[in-house]
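J.: target21.txt is the file, holding compact mmCIF, C-alpha atoms:
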# COMPACT_ATOMS: atom_id res chain seq x y z
CA MET V 45 55.92 7.84 -22.57
CA GLY V 46 55.00 11.17 -24.13
CA ASP V 47 53.44 14.17 -22.42
CA GLY V 48 49.87 14.06 -21.17
CA PRO V 49 47.20 14.64 -20.43
CA PHE V 50 46.24 11.00 -20.51
CA ARG V 51 42.57 10.02 -20.41
CA ALA V 52 41.12 6.64 -19.56
CA PHE V 53 37.56 5.30 -19.29
CA TYR V 54 36.09 2.28 -17.56
CA PRO V 55 34.57 0.35 -19.09
CA SER V 56 36.21 1.31 -22.36
CA THR V 57 33.03 0.47 -24.29
CA MET V 58 31.32 3.54 -22.78
CA THR V 59 33.23 5.90 -25.08
CA THR V 60 33.53 6.00 -28.84
CA ASP V 61 35.48 9.22 -29.24
CA GLY V 62 37.77 9.16 -26.21
CA VAL V 63 36.19 12.39 -24.96
CA ASN V 64 32.55 11.78 -24.03
CA ILE V 65 30.90 8.88 -22.22
CA THR V 66 27.64 7.16 -23.09
CA LEU V 67 25.49 5.69 -20.33
CA PRO V 68 23.19 2.83 -21.42
CA ALA V 69 19.42 2.85 -20.93
CA THR V 70 19.60 -0.73 -19.64
CA GLN V 71 21.76 -2.07 -16.83
CA THR V 72 22.28 -5.70 -15.83
CA PHE V 73 21.69 -6.91 -12.27
CA VAL V 74 24.67 -8.37 -10.42
CA ASP V 75 23.96 -9.87 -7.01
CA GLY V 76 25.56 -7.77 -4.28
CA SER V 77 27.44 -5.53 -6.68
CA ILE V 78 27.24 -3.03 -9.56
CA ASN V 79 27.84 -4.10 -13.12
CA GLU V 80 30.45 -1.98 -14.99
CA PHE V 81 30.27 1.09 -12.76
CA PRO V 82 31.56 3.98 -14.95
CA MET V 83 34.88 5.62 -14.01
CA TYR V 84 37.23 8.16 -15.60
CA VAL V 85 40.70 9.60 -15.08
CA GLU V 86 42.86 12.39 -16.47
CA SER V 87 46.57 12.48 -15.70
CA SER V 88 49.69 14.30 -16.84
CA ASP V 89 51.63 11.05 -16.56
CA ASN V 90 50.89 7.35 -16.73
CA GLN V 91 49.78 7.08 -13.08
CA LEU V 92 46.06 6.61 -13.41
CA ALA V 93 43.79 6.95 -10.37
CA PHE V 94 40.25 6.35 -11.59
CA LYS V 95 37.39 8.44 -10.21
CA ASN V 96 33.75 7.39 -9.96
CA LEU V 97 31.52 9.27 -12.38
CA CYS V 98 28.11 8.39 -10.92
CA GLY V 99 26.26 7.85 -7.70
CA VAL V 100 24.33 4.72 -6.74
CA LEU V 101 20.66 4.19 -5.98
CA LYS V 102 20.51 1.29 -3.50
CA LEU V 103 17.06 -0.30 -3.27
CA HIS V 104 16.31 -2.78 -0.50
CA LEU V 105 13.16 -4.78 -1.27
CA THR V 106 11.30 -7.25 0.94
CA LYS V 107 8.10 -9.09 0.03
CA ALA V 108 7.12 -12.72 0.49
CA ASN V 109 6.63 -14.98 -2.55
CA THR V 110 7.87 -12.31 -4.97
CA ASN V 111 10.62 -12.47 -7.59
CA ILE V 112 11.80 -9.28 -9.29
CA SER V 113 12.54 -9.40 -13.02
CA SER V 114 13.24 -5.70 -13.66
CA ILE V 115 13.29 -2.25 -12.05
CA THR V 116 12.70 0.96 -14.00
CA VAL V 117 13.74 4.36 -12.66
CA THR V 118 12.38 7.65 -13.99
CA ALA V 119 14.21 10.83 -12.97
CA ASN V 120 13.82 14.56 -13.53
CA ALA V 121 16.80 14.62 -15.93
CA ALA V 122 18.61 12.36 -18.38
CA VAL V 123 19.97 9.13 -16.90
CA SER V 124 21.22 7.67 -20.17
CA GLY V 125 22.79 9.03 -23.35
CA THR V 126 25.99 10.95 -24.09
CA PHE V 127 27.64 13.08 -21.40
CA SER V 128 30.69 15.33 -21.52
CA ILE V 129 33.15 15.25 -18.60
CA ASN V 130 34.79 18.11 -16.77
CA TYR V 131 37.52 16.49 -14.67
CA ASN V 132 37.42 19.40 -12.19
CA ASN V 133 40.71 18.54 -10.42
CA GLY V 134 39.70 14.98 -9.70
CA ASN V 135 36.03 15.69 -8.92
CA PRO V 136 34.53 14.91 -12.33
CA ILE V 137 31.32 16.61 -13.39
CA MET V 138 29.12 15.06 -16.07
CA ASN V 139 26.99 17.23 -18.33
CA TYR V 140 24.27 15.79 -20.53
CA VAL V 141 24.82 16.26 -24.27
CA THR V 142 22.36 14.23 -26.35
CA GLY V 143 20.69 10.92 -27.24
CA GLY V 144 19.36 9.90 -23.86
CA SER V 145 16.30 9.44 -21.74
CA SER V 146 15.11 10.18 -18.21
CA THR V 147 14.19 6.49 -17.82
CA LEU V 148 16.43 3.43 -17.43
CA THR V 149 15.84 -0.20 -16.52
CA LEU V 150 17.80 -2.67 -14.40
CA VAL V 151 17.22 -6.14 -15.89
CA CYS V 152 17.55 -9.37 -13.93
CA SER V 153 18.51 -12.21 -16.30
CA THR V 154 17.14 -14.55 -13.61
CA PRO V 155 14.25 -13.22 -11.47
CA GLN V 156 15.49 -12.43 -7.97
CA SER V 157 13.61 -13.52 -4.86
CA ILE V 158 12.96 -10.77 -2.31
CA ASP V 159 11.31 -13.07 0.24
CA ASN V 160 14.03 -12.36 2.83
CA GLY V 161 15.13 -8.99 1.50
CA LYS V 162 17.56 -8.18 -1.31
CA ASP V 163 19.56 -5.18 -2.44
CA PHE V 164 19.50 -3.84 -6.00
CA PHE V 165 22.10 -1.30 -7.19
CA ILE V 166 21.56 1.15 -10.05
CA TYR V 167 24.18 3.74 -11.02
CA LEU V 168 22.90 7.18 -12.00
CA PRO V 169 24.53 10.48 -12.98
CA SER V 170 24.79 13.03 -10.18
CA THR V 171 23.03 15.59 -12.39
CA ILE V 172 19.76 14.14 -11.07
CA ASP V 173 18.03 16.29 -8.48
CA SER V 174 15.10 14.00 -7.95
CA ILE V 175 13.84 10.51 -8.79
CA LYS V 176 10.23 10.79 -9.93
CA SER V 177 9.19 7.13 -9.88
CA ILE V 178 10.42 3.56 -9.53
CA THR V 179 8.56 0.67 -11.16
CA PHE V 180 9.14 -2.91 -10.03
CA VAL V 181 8.14 -5.75 -12.34
CA ALA V 182 7.71 -9.16 -10.74
CA ASP V 183 8.09 -12.53 -12.40
CA GLY V 184 4.81 -13.09 -14.26
CA GLY V 185 4.36 -9.45 -15.25
CA THR V 186 2.70 -7.92 -12.17
CA VAL V 187 3.78 -4.33 -11.58
CA CYS V 188 4.27 -1.98 -8.63
CA THR V 189 5.05 1.71 -9.20
CA LYS V 190 6.19 4.00 -6.39
CA ARG V 191 6.13 7.75 -7.05
CA THR V 192 7.93 10.49 -5.16
CA LYS V 193 5.77 13.23 -3.71
CA GLU V 194 6.43 16.67 -5.16
CA THR V 195 7.53 17.91 -1.74
CA VAL V 196 10.20 15.21 -1.43
CA GLN V 197 13.47 15.05 -3.34
CA VAL V 198 15.47 11.86 -3.72
CA GLY V 199 18.71 13.03 -5.31
CA ILE V 200 21.94 11.34 -6.42
CA ASN V 201 25.46 12.39 -5.33
CA ARG V 202 28.64 11.30 -7.08
CA SER V 203 30.44 8.38 -5.46
CA GLN V 204 27.73 8.02 -2.78
CA TYR V 205 24.83 5.67 -2.07
CA THR V 206 21.24 6.89 -1.95
CA SER V 207 19.42 4.16 -0.02
CA VAL V 208 15.66 3.50 -0.19
CA SER V 209 13.82 0.55 1.37
CA PHE V 210 10.43 -0.89 0.48
CA GLY V 211 8.82 -3.43 2.78
CA GLU V 212 5.92 -5.86 2.55
CA GLU V 213 3.23 -3.20 2.94
CA ASP V 214 4.85 -0.83 0.44
CA LEU V 215 5.02 -3.20 -2.51
CA LEU V 216 1.58 -3.84 -3.99
CA PHE V 217 1.97 -5.53 -7.38
CA LEU V 218 -0.83 -4.91 -9.85
CA PRO V 219 -1.68 -7.56 -12.45
CA THR V 220 -1.03 -6.72 -16.09
CA GLY V 221 -3.86 -4.50 -17.32
CA SER V 222 -4.73 -3.02 -13.95
CA ARG V 223 -4.71 0.53 -12.65
CA GLY V 224 -5.75 2.01 -9.34
CA GLY V 225 -5.40 0.80 -5.77
CA LEU V 226 -6.59 -2.22 -3.82
CA PHE V 227 -10.32 -2.41 -3.02
CA SER V 228 -12.08 -4.55 -0.40
CA VAL V 229 -15.28 -6.05 -1.83
CA GLY V 230 -16.52 -8.31 0.96
CA VAL V 231 -15.70 -10.84 3.66
CA VAL V 232 -15.78 -14.62 3.03
CA ASN V 233 -15.15 -17.07 5.88
CA GLY V 234 -13.57 -14.30 7.90
CA ASP V 235 -11.17 -13.22 5.16
CA THR V 236 -11.51 -9.90 3.35
CA VAL V 237 -11.72 -10.27 -0.42
CA LYS V 238 -9.68 -7.62 -2.28
CA VAL V 239 -9.47 -6.80 -5.98
CA TRP V 240 -7.67 -4.66 -8.53
CA PHE V 241 -9.71 -2.83 -11.16
CA SER V 242 -8.80 -3.07 -14.84
CA GLN V 243 -7.11 -0.06 -16.43
CA GLY V 244 -10.25 0.88 -18.34
CA ASN V 245 -13.62 -0.34 -19.59
CA LEU V 246 -13.79 -3.63 -21.50
CA GLN V 247 -13.70 -3.30 -25.31
CA TYR V 248 -14.37 -5.82 -28.09
CA ARG V 249 -13.65 -6.00 -31.84
CA ALA V 250 -15.80 -8.46 -33.76
CA SER V 251 -13.74 -8.69 -36.96
CA ASP V 252 -10.93 -10.59 -35.23
CA ASP V 253 -12.68 -11.60 -31.98
CA THR V 254 -10.32 -9.52 -29.81
CA TRP V 255 -10.89 -8.25 -26.28
CA ARG V 256 -8.92 -5.46 -24.65
CA PHE V 257 -9.11 -2.89 -21.88
CA ALA V 258 -9.38 0.78 -22.83
CA GLU V 259 -6.01 2.52 -22.73
CA HIS V 260 -7.22 5.08 -20.19
CA GLN V 261 -9.82 4.93 -17.44
CA TYR V 262 -11.68 7.86 -18.97
CA ASP V 263 -11.97 6.34 -22.48
CA PHE V 264 -15.33 5.23 -23.91
CA ILE V 265 -16.69 4.44 -27.37
CA GLY V 266 -20.04 6.27 -27.35
CA SER V 267 -22.34 6.30 -30.37
CA ALA V 268 -20.21 3.81 -32.37
CA ASN V 269 -21.60 1.08 -30.09
CA SER V 270 -24.50 0.81 -32.52
CA HIS V 271 -22.24 -1.22 -34.87
CA LEU V 272 -22.85 -4.87 -34.01
CA GLY V 273 -21.96 -6.73 -37.21
CA SER V 274 -19.59 -9.70 -37.11
CA THR V 275 -17.24 -8.02 -39.61
CA TYR V 276 -17.14 -4.62 -37.91
CA ASN V 277 -13.50 -3.55 -37.57
CA GLY V 278 -14.05 -0.96 -34.86
CA TRP V 279 -14.46 -1.38 -31.11
CA ILE V 280 -17.54 -1.53 -28.92
CA ASP V 281 -17.68 -1.26 -25.12
CA VAL V 282 -21.29 -1.84 -24.04
CA TYR V 283 -22.91 -5.30 -23.92
CA SER V 284 -26.16 -7.01 -23.11
CA PHE V 285 -26.13 -8.91 -19.84
CA GLY V 286 -24.05 -12.06 -19.59
CA THR V 287 -22.81 -12.02 -23.20
CA GLY V 288 -19.19 -12.89 -22.51
CA ASN V 289 -19.44 -15.66 -25.12
CA ASN V 290 -21.27 -13.55 -27.73
CA PRO V 291 -20.79 -9.79 -27.17
CA ILE V 292 -22.51 -8.71 -30.39
CA TYR V 293 -25.66 -10.74 -29.70
CA ILE V 294 -28.72 -8.55 -30.02
CA SER V 295 -32.31 -9.21 -29.05
CA ALA V 296 -34.97 -6.91 -27.64
CA ASN V 297 -36.48 -9.89 -25.78
CA ASN V 298 -35.03 -9.80 -22.26
CA SER V 299 -35.74 -13.50 -21.64
CA ASP V 300 -33.30 -14.39 -24.45
CA TYR V 301 -30.45 -13.61 -22.03
CA SER V 302 -31.17 -16.42 -19.59
CA ALA V 303 -27.71 -17.96 -20.11
CA THR V 304 -25.00 -16.01 -18.30
CA VAL V 305 -21.34 -15.96 -19.32
CA ASP V 306 -19.01 -13.55 -17.51
CA TRP V 307 -16.89 -11.42 -19.84
CA GLY V 308 -13.82 -12.31 -17.76
CA VAL V 309 -13.71 -15.84 -19.17
CA ASN V 310 -12.03 -14.37 -22.24
CA ALA V 311 -8.33 -13.72 -22.76
CA ILE V 312 -7.89 -9.93 -22.57
CA SER V 313 -5.14 -8.98 -25.00
CA ASN V 314 -3.62 -6.27 -22.79
CA GLY V 315 -4.72 -7.85 -19.52
CA GLY V 316 -2.38 -10.82 -19.41
CA ASN V 317 -3.95 -12.51 -22.45
CA VAL V 318 -4.92 -15.58 -20.39
CA PRO V 319 -8.54 -16.78 -20.02
CA ASN V 320 -10.38 -16.66 -16.69
CA GLN V 321 -8.09 -14.09 -15.05
CA TRP V 322 -10.72 -11.35 -14.68
CA ARG V 323 -14.33 -11.20 -13.49
CA THR V 324 -17.33 -8.92 -12.96
CA LEU V 325 -18.15 -7.71 -9.45
CA SER V 326 -21.42 -8.95 -7.96
CA HIS V 327 -24.23 -6.71 -6.74
CA SER V 328 -23.20 -7.24 -3.10
CA GLU V 329 -19.52 -6.58 -3.85
CA TRP V 330 -20.30 -3.21 -5.41
CA GLY V 331 -22.46 -2.51 -2.36
CA TYR V 332 -19.52 -3.29 -0.08
CA ILE V 333 -17.32 -0.80 -1.95
CA PHE V 334 -19.91 1.96 -1.56
CA SER V 335 -21.17 1.23 1.97
CA GLY V 336 -19.48 -1.77 3.61
CA ARG V 337 -15.77 -1.00 3.91
CA PRO V 338 -14.37 1.52 6.41
CA TYR V 339 -15.14 5.14 5.51
CA ALA V 340 -16.88 3.90 2.37
CA THR V 341 -19.20 6.89 1.97
CA LEU V 342 -16.18 9.25 1.95
CA LYS V 343 -14.48 7.38 -0.89
CA TYR V 344 -16.62 8.08 -3.93
CA GLY V 345 -17.93 11.10 -5.76
CA THR V 346 -18.83 12.50 -9.16
CA GLY V 347 -16.30 14.47 -11.17
CA SER V 348 -14.57 14.98 -14.51
CA VAL V 349 -11.26 13.82 -15.96
CA ASN V 350 -9.97 15.55 -19.08
CA GLY V 351 -13.50 16.82 -19.73
CA VAL V 352 -15.08 13.34 -19.37
CA HIS V 353 -17.80 13.02 -16.72
CA GLY V 354 -17.90 10.05 -14.40
CA LEU V 355 -17.68 8.48 -10.97
CA ILE V 356 -14.43 8.50 -8.95
CA VAL V 357 -13.91 5.73 -6.40
CA LEU V 358 -10.99 5.69 -3.97
CA PRO V 359 -9.15 2.56 -2.74
CA ASP V 360 -9.01 1.27 0.83
CA ARG V 361 -5.74 3.07 1.57
CA TRP V 362 -5.85 6.62 0.33
CA ILE V 363 -3.59 9.66 0.61
CA THR V 364 -4.60 12.61 -1.57
CA PRO V 365 -1.59 13.49 -3.76
CA ASP V 366 0.05 16.91 -3.79
CA GLY V 367 -1.69 19.42 -6.02
CA CYS V 368 -5.03 17.57 -5.92
CA SER V 369 -8.14 17.50 -3.78
CA PHE V 370 -11.12 15.17 -3.48
CA HIS V 371 -14.69 15.87 -2.36
CA SER V 372 -16.99 12.93 -1.73
CA GLY V 373 -20.62 12.82 -2.77
CA MET V 374 -22.78 13.04 -5.87
CA ASN V 375 -22.61 16.80 -6.27
CA GLY V 376 -22.25 17.46 -9.97
CA TRP V 377 -19.59 16.92 -12.61
CA THR V 378 -17.49 19.84 -11.33
CA ASN V 379 -17.34 18.43 -7.79
CA ASN V 380 -13.93 16.96 -8.65
CA ASN V 381 -12.40 18.31 -11.84
CA TYR V 382 -8.97 17.00 -12.94
CA ASN V 383 -6.73 17.77 -15.88
CA LEU V 384 -4.54 14.97 -17.22
CA LEU V 385 -1.55 15.84 -15.03
CA GLN V 386 -3.69 15.89 -11.90
CA TRP V 387 -5.41 12.65 -12.86
CA ASP V 388 -2.05 11.00 -13.41
CA SER V 389 -1.29 11.74 -9.75
CA MET V 390 -4.74 10.62 -8.58
CA GLU V 391 -4.48 7.38 -10.55
CA ALA V 392 -0.97 6.72 -9.24
CA ALA V 393 -2.36 7.10 -5.72
CA GLY V 394 -4.97 4.43 -6.52
CA ALA V 395 -8.12 6.24 -7.68
CA VAL V 396 -10.52 4.53 -10.11
CA PHE V 397 -12.64 6.43 -12.64
CA LEU V 398 -15.82 5.07 -14.27
CA PRO V 399 -16.74 7.24 -17.26
CA ALA V 400 -20.36 8.19 -17.91
CA ALA V 401 -20.42 6.19 -21.14
CA GLY V 402 -24.21 5.95 -21.54
CA ARG V 403 -26.09 2.81 -22.62
CA ARG V 404 -27.32 1.10 -25.78
CA HIS V 405 -31.07 0.59 -25.63
CA ASN V 406 -31.22 -2.16 -28.30
CA SER V 407 -34.38 -0.87 -29.93
CA SER V 408 -34.64 0.23 -33.54
CA GLY V 409 -31.24 1.47 -34.69
CA ASN V 410 -29.45 0.27 -31.54
CA GLY V 411 -28.77 3.86 -30.52
CA VAL V 412 -26.75 4.92 -27.47
CA ASP V 413 -28.12 7.52 -25.08
CA GLY V 414 -26.77 9.29 -21.99
CA ILE V 415 -23.27 9.70 -23.47
CA ASN V 416 -21.12 11.71 -21.02
CA ASN V 417 -24.22 12.24 -18.92
CA SER V 418 -24.92 8.92 -17.17
CA GLY V 419 -23.04 5.73 -16.39
CA CYS V 420 -24.48 2.19 -16.29
CA TYR V 421 -22.26 -0.76 -15.30
CA TRP V 422 -23.33 -4.39 -15.08
CA THR V 423 -22.86 -6.47 -11.97
CA SER V 424 -22.70 -10.27 -12.26
CA SER V 425 -25.97 -10.68 -10.32
CA ARG V 426 -29.17 -11.65 -12.04
CA ILE V 427 -32.58 -10.58 -10.69
CA ASP V 428 -34.68 -12.92 -12.84
CA LEU V 429 -34.65 -14.30 -16.39
CA GLY V 430 -35.27 -10.83 -17.82
CA GLY V 431 -33.15 -8.53 -15.68
CA ALA V 432 -29.99 -8.05 -13.66
CA PHE V 433 -28.51 -5.61 -11.17
CA ALA V 434 -26.40 -2.69 -12.39
CA ILE V 435 -24.92 0.39 -10.81
CA MET V 436 -26.23 3.57 -12.40
CA PHE V 437 -25.11 7.13 -11.78
CA SER V 438 -25.67 10.65 -13.05
CA ALA V 439 -24.26 14.00 -11.97
CA ASN V 440 -26.23 14.06 -8.71
CA SER V 441 -27.31 10.49 -7.97
CA LEU V 442 -26.02 6.94 -7.52
CA ASN V 443 -28.28 3.88 -7.66
CA ARG V 444 -26.32 0.85 -6.40
CA SER V 445 -29.19 -1.58 -6.95
CA PHE V 446 -30.59 -0.56 -10.30
CA GLY V 447 -32.59 -3.36 -11.88
CA HIS V 448 -31.96 -3.23 -15.62
CA HIS V 449 -33.41 -5.09 -18.60
CA SER V 450 -30.93 -7.72 -19.76
CA SER V 451 -31.21 -6.65 -23.40
CA TYR V 452 -29.71 -3.21 -22.80
CA GLY V 453 -26.05 -2.64 -23.57
CA LEU V 454 -24.15 -1.43 -20.49
CA SER V 455 -20.50 -0.80 -19.66
CA VAL V 456 -18.30 -3.45 -18.04
CA ARG V 457 -15.34 -2.81 -15.74
CA LEU V 458 -13.65 -6.06 -14.75
CA VAL V 459 -11.58 -6.82 -11.63
CA HIS V 460 -8.73 -9.18 -10.81
CA ASN V 461 -8.61 -10.92 -7.44
CA SER V 462 -5.64 -10.03 -5.26
CA ASN V 463 -3.86 -13.16 -4.09
Can you present the structure in this file as structure tokens?

T.:
Amino acid sequence: MGDGPFRAFYPSTMTTDGVNITLPATQTFVDGSINEFPMYVESSDNQLAFKNLCGVLKLHLTKANTNISSITVTANAAVSGTFSINYNNGNPIMNYVTGGSSTLTLVCSTPQSIDNGKDFFIYLPSTIDSIKSITFVADGGTVCTKRTKETVQVGINRSQYTSVSFGEEDLLFLPTGSRGGLFSVGVVNGDTVKVWFSQGNLQYRASDDTWRFAEHQYDFIGSANSHLGSTYNGWIDVYSFGTGNNPIYISANNSDYSATVDWGVNAISNGGNVPNQWRTLSHSEWGYIFSGRPYATLKYGTGSVNGVHGLIVLPDRWITPDGCSFHSGMNGWTNNNYNLLQWDSMEAAGAVFLPAAGRRHNSSGNGVDGINNSGCYWTSSRIDLGGAFAIMFSANSLNRSFGHHSSYGLSVRLVHNSN
């Protein structure tokens, strides 16, 4: 055989030019092993001793009645794409070149039960200094995201395992369309009822009869809520009481709203798209959030997110993330003021934000007032044939038992029961 150097790659499909290696953005789960772990060798003769190119993130997961369908890792540097290789006397160093991403996904062709604990292996380049987040998707689409605190680094070393374990209490899977943490809303027959909040206020488009949740918790429609025609192609997000079956119904006569249909009976397009999965909190359940659960009065306060005013409510378990602070109480819109990066951390820790979206008063012109100045959210609890309970807040006050005329258009934030 002729003179070297000789180069070899495993698997061979990871190179197209015989010089660089391309790491895929998707890996395939293999029980108890690693699928096609990348290796490389350079030799002056035909004696080839392959060297590992990557390190391994080993995740041990345990949670009853849960099957994992995929795991997505986001790092502080590229984990896929084309890399050059410096063999470095048998200690190969990979350097990112192009065409990649800081996110990759391990896919399970058959969802894997973690009832009794299971290991998942993901190979990653050792150029990673820190893993920023890991998202677990369970069979059925529920999601749990774990984020690394800024003060903690979870790095990857070549040819070594980095082991991380998540137990029963660590893995809280949110239903599709949910954001924020887990909230206790009452006690029934000795059991605490807990819910997840939707990712944003409920929105409706009449032209194609479509429901969805707002993309962000701080989104609201505002003055465009005056458009109530059946052919209107835009979105609205305030509704008269109990109009889950007819959200564009309009009448100034409060007694015309005697029939009550919860908005959660509808299939929410980005909330699982299955009917009867979501519901509206009752008057007493909202009261439990604000005054019944442990440390309740310390877990809400006015503030602003990305310039939008509103009410911030913290989940049962709360740890303030690095770089953020929280001050309870109704003490003005600047009491808690977050930019988008800070809110991303607050939301990841479980905080819920109710924007001050105003209300439609359903008089002449169907105008909306109080935009970015007050928030009004329906409960599911009727007072009488002409009115129902709502929560209402402004910069310096919160009324948890506000009796509102049924004809007015108020915001709706749905919840999903935690099973």

J.: Report the distance between atom CA of V:Arg361 and atom CA of V:Thr346 in Å, rounded to one decimal place.

T.: 19.4 Å

J.: Measuring atom to atom with all atoms listed in the file, identify which of V:Val123, V:Ala401, V:Leu218, V:Leu168 is nearest to V:Gly144.

T.: V:Val123

J.: Have a look at V:Asn277, V:Ala121, V:Pro49, V:Pro169 and name the one nearest to V:Leu67; count only C-alpha atoms.

T.: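 Residue with the minimum atom-to-atom distance to V:Leu67: V:Pro169.
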
J.: Please determine an axis-aligned box that encloses all atoms of stretch 108-123 of chain V listed in the file, with 5 Å added on each side, and express its centre and edge lengths in Å to one decimal as AutoDock Vina command-line options.

T.:
--center_x 13.3 --center_y -0.2 --center_z -8.9 --size_x 23.3 --size_y 39.6 --size_z 28.9

J.: Using only C-alpha atoms, pick whichever of V:Ser348, V:Thr57, V:Asn410, V:Ser295 has the shortest atom-to-atom distance to V:Asn375.

T.: V:Ser348

J.: Find the residue from V:Gly367, V:Gly134, V:Pro219, V:Gly331 that sits nearest to V:Ser389; use all atoms listed in the file when measuring.

T.: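 When distances to V:Ser389 are compared using all atoms listed in the file, the smallest one comes from V:Gly367.
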
J.: Could you name the residues that touch V:Thr206 at 10 Å or less, counting all atoms listed in the file, but leaving out those on the same chain fewer than 2 positions away, as a VMD selection string?

T.: chain V and resid 99 to 103 165 to 166 198 to 201 203 to 204 208

J.: Could you tell me how far atom CA of V:Gly431 sits from atom CA of V:Tyr301, in Å to one decimal place?

T.: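 Going from atom CA of V:Tyr301 over to atom CA of V:Gly431 covers 8.6 Å.
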
J.: At what distance in Å, to one decimal, does atom CA of V:Gly316 lie from atom CA of V:Lys176?

T.: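 So the answer is 26.8 Å.
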
J.: Which residues come within 8 Å of stretch 352-359 of chain V, counting only C-alpha atoms, excluding same-chain residues fewer than 2 positions away, as a PDB file with C-alpha atoms, keeping the file's coordinate frame?

T.:
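Listing of around.pdb after writing:
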ATOM      1  CA  GLY V 224      -5.750   2.010  -9.340  1.00  0.00           C
ATOM      2  CA  GLY V 225      -5.400   0.800  -5.770  1.00  0.00           C
ATOM      3  CA  LEU V 226      -6.590  -2.220  -3.820  1.00  0.00           C
ATOM      4  CA  PHE V 227     -10.320  -2.410  -3.020  1.00  0.00           C
ATOM      5  CA  TYR V 262     -11.680   7.860 -18.970  1.00  0.00           C
ATOM      6  CA  LYS V 343     -14.480   7.380  -0.890  1.00  0.00           C
ATOM      7  CA  TYR V 344     -16.620   8.080  -3.930  1.00  0.00           C
ATOM      8  CA  GLY V 345     -17.930  11.100  -5.760  1.00  0.00           C
ATOM      9  CA  THR V 346     -18.830  12.500  -9.160  1.00  0.00           C
ATOM     10  CA  GLY V 347     -16.300  14.470 -11.170  1.00  0.00           C
ATOM     11  CA  SER V 348     -14.570  14.980 -14.510  1.00  0.00           C
ATOM     12  CA  VAL V 349     -11.260  13.820 -15.960  1.00  0.00           C
ATOM     13  CA  ASN V 350      -9.970  15.550 -19.080  1.00  0.00           C
ATOM     14  CA  ARG V 361      -5.740   3.070   1.570  1.00  0.00           C
ATOM     15  CA  TRP V 362      -5.850   6.620   0.330  1.00  0.00           C
ATOM     16  CA  TRP V 377     -19.590  16.920 -12.610  1.00  0.00           C
ATOM     17  CA  GLY V 394      -4.970   4.430  -6.520  1.00  0.00           C
ATOM     18  CA  ALA V 395      -8.120   6.240  -7.680  1.00  0.00           C
ATOM     19  CA  VAL V 396     -10.520   4.530 -10.110  1.00  0.00           C
ATOM     20  CA  PHE V 397     -12.640   6.430 -12.640  1.00  0.00           C
ATOM     21  CA  LEU V 398     -15.820   5.070 -14.270  1.00  0.00           C
ATOM     22  CA  PRO V 399     -16.740   7.240 -17.260  1.00  0.00           C
ATOM     23  CA  ALA V 400     -20.360   8.190 -17.910  1.00  0.00           C
ATOM     24  CA  ASN V 416     -21.120  11.710 -21.020  1.00  0.00           C
ATOM     25  CA  ASN V 417     -24.220  12.240 -18.920  1.00  0.00           C
ATOM     26  CA  SER V 418     -24.920   8.920 -17.170  1.00  0.00           C
ATOM     27  CA  GLY V 419     -23.040   5.730 -16.390  1.00  0.00           C
ATOM     28  CA  PHE V 437     -25.110   7.130 -11.780  1.00  0.00           C
ATOM     29  CA  SER V 438     -25.670  10.650 -13.050  1.00  0.00           C
ATOM     30  CA  ALA V 439     -24.260  14.000 -11.970  1.00  0.00           C
TER      31      ALA V 439
END

J.: Quick one: everything within 12 Å of V:Lys193, counting all atoms listed in the file, minus sequence neighbours fewer than 5 positions away in the same chain. Send it as an NGL selection string.

T.: :V and (174-177 or 198 or 363-368 or 389-390 or 392-393)

J.: Could you give me, as an mmCIF file with C-alpha atoms, in the coordinates of the input, the residues that have an atom at most 9 Å away from the point (-37.9, -3.3, -14.5) in the coordinates of the file, using only C-alpha atoms?

T.:
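Saved to part25.cif:
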data_model
loop_
_atom_site.group_PDB
_atom_site.id
_atom_site.type_symbol
_atom_site.label_atom_id
_atom_site.label_comp_id
_atom_site.auth_asym_id
_atom_site.auth_seq_id
_atom_site.Cartn_x
_atom_site.Cartn_y
_atom_site.Cartn_z
ATOM 1 C CA GLY V 430 -35.270 -10.830 -17.820
ATOM 2 C CA GLY V 431 -33.150 -8.530 -15.680
ATOM 3 C CA PHE V 446 -30.590 -0.560 -10.300
ATOM 4 C CA GLY V 447 -32.590 -3.360 -11.880
ATOM 5 C CA HIS V 448 -31.960 -3.230 -15.620
ATOM 6 C CA HIS V 449 -33.410 -5.090 -18.600
#

J.: Step by step: locate stretch 292-306 of chain V in the block above, keep C-alpha atoms, then write the file as a PDB file, in the first residue's frame.

T.:
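Generated file (selection.pdb):
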ATOM      1  CA  ILE V 292     -69.184  37.179  17.837  1.00  0.00           C
ATOM      2  CA  TYR V 293     -72.673  37.362  19.357  1.00  0.00           C
ATOM      3  CA  ILE V 294     -73.490  40.924  20.317  1.00  0.00           C
ATOM      4  CA  SER V 295     -76.337  42.301  22.392  1.00  0.00           C
ATOM      5  CA  ALA V 296     -76.463  45.183  24.847  1.00  0.00           C
ATOM      6  CA  ASN V 297     -79.165  43.326  26.798  1.00  0.00           C
ATOM      7  CA  ASN V 298     -77.378  41.472  29.604  1.00  0.00           C
ATOM      8  CA  SER V 299     -80.225  38.969  30.059  1.00  0.00           C
ATOM      9  CA  ASP V 300     -79.598  37.684  26.515  1.00  0.00           C
ATOM     10  CA  TYR V 301     -76.556  35.825  27.880  1.00  0.00           C
ATOM     11  CA  SER V 302     -78.465  33.442  30.126  1.00  0.00           C
ATOM     12  CA  ALA V 303     -77.087  30.378  28.311  1.00  0.00           C
ATOM     13  CA  THR V 304     -73.478  29.662  29.270  1.00  0.00           C
ATOM     14  CA  VAL V 305     -71.002  27.800  27.069  1.00  0.00           C
ATOM     15  CA  ASP V 306     -67.373  27.650  28.199  1.00  0.00           C
TER      16      ASP V 306
END
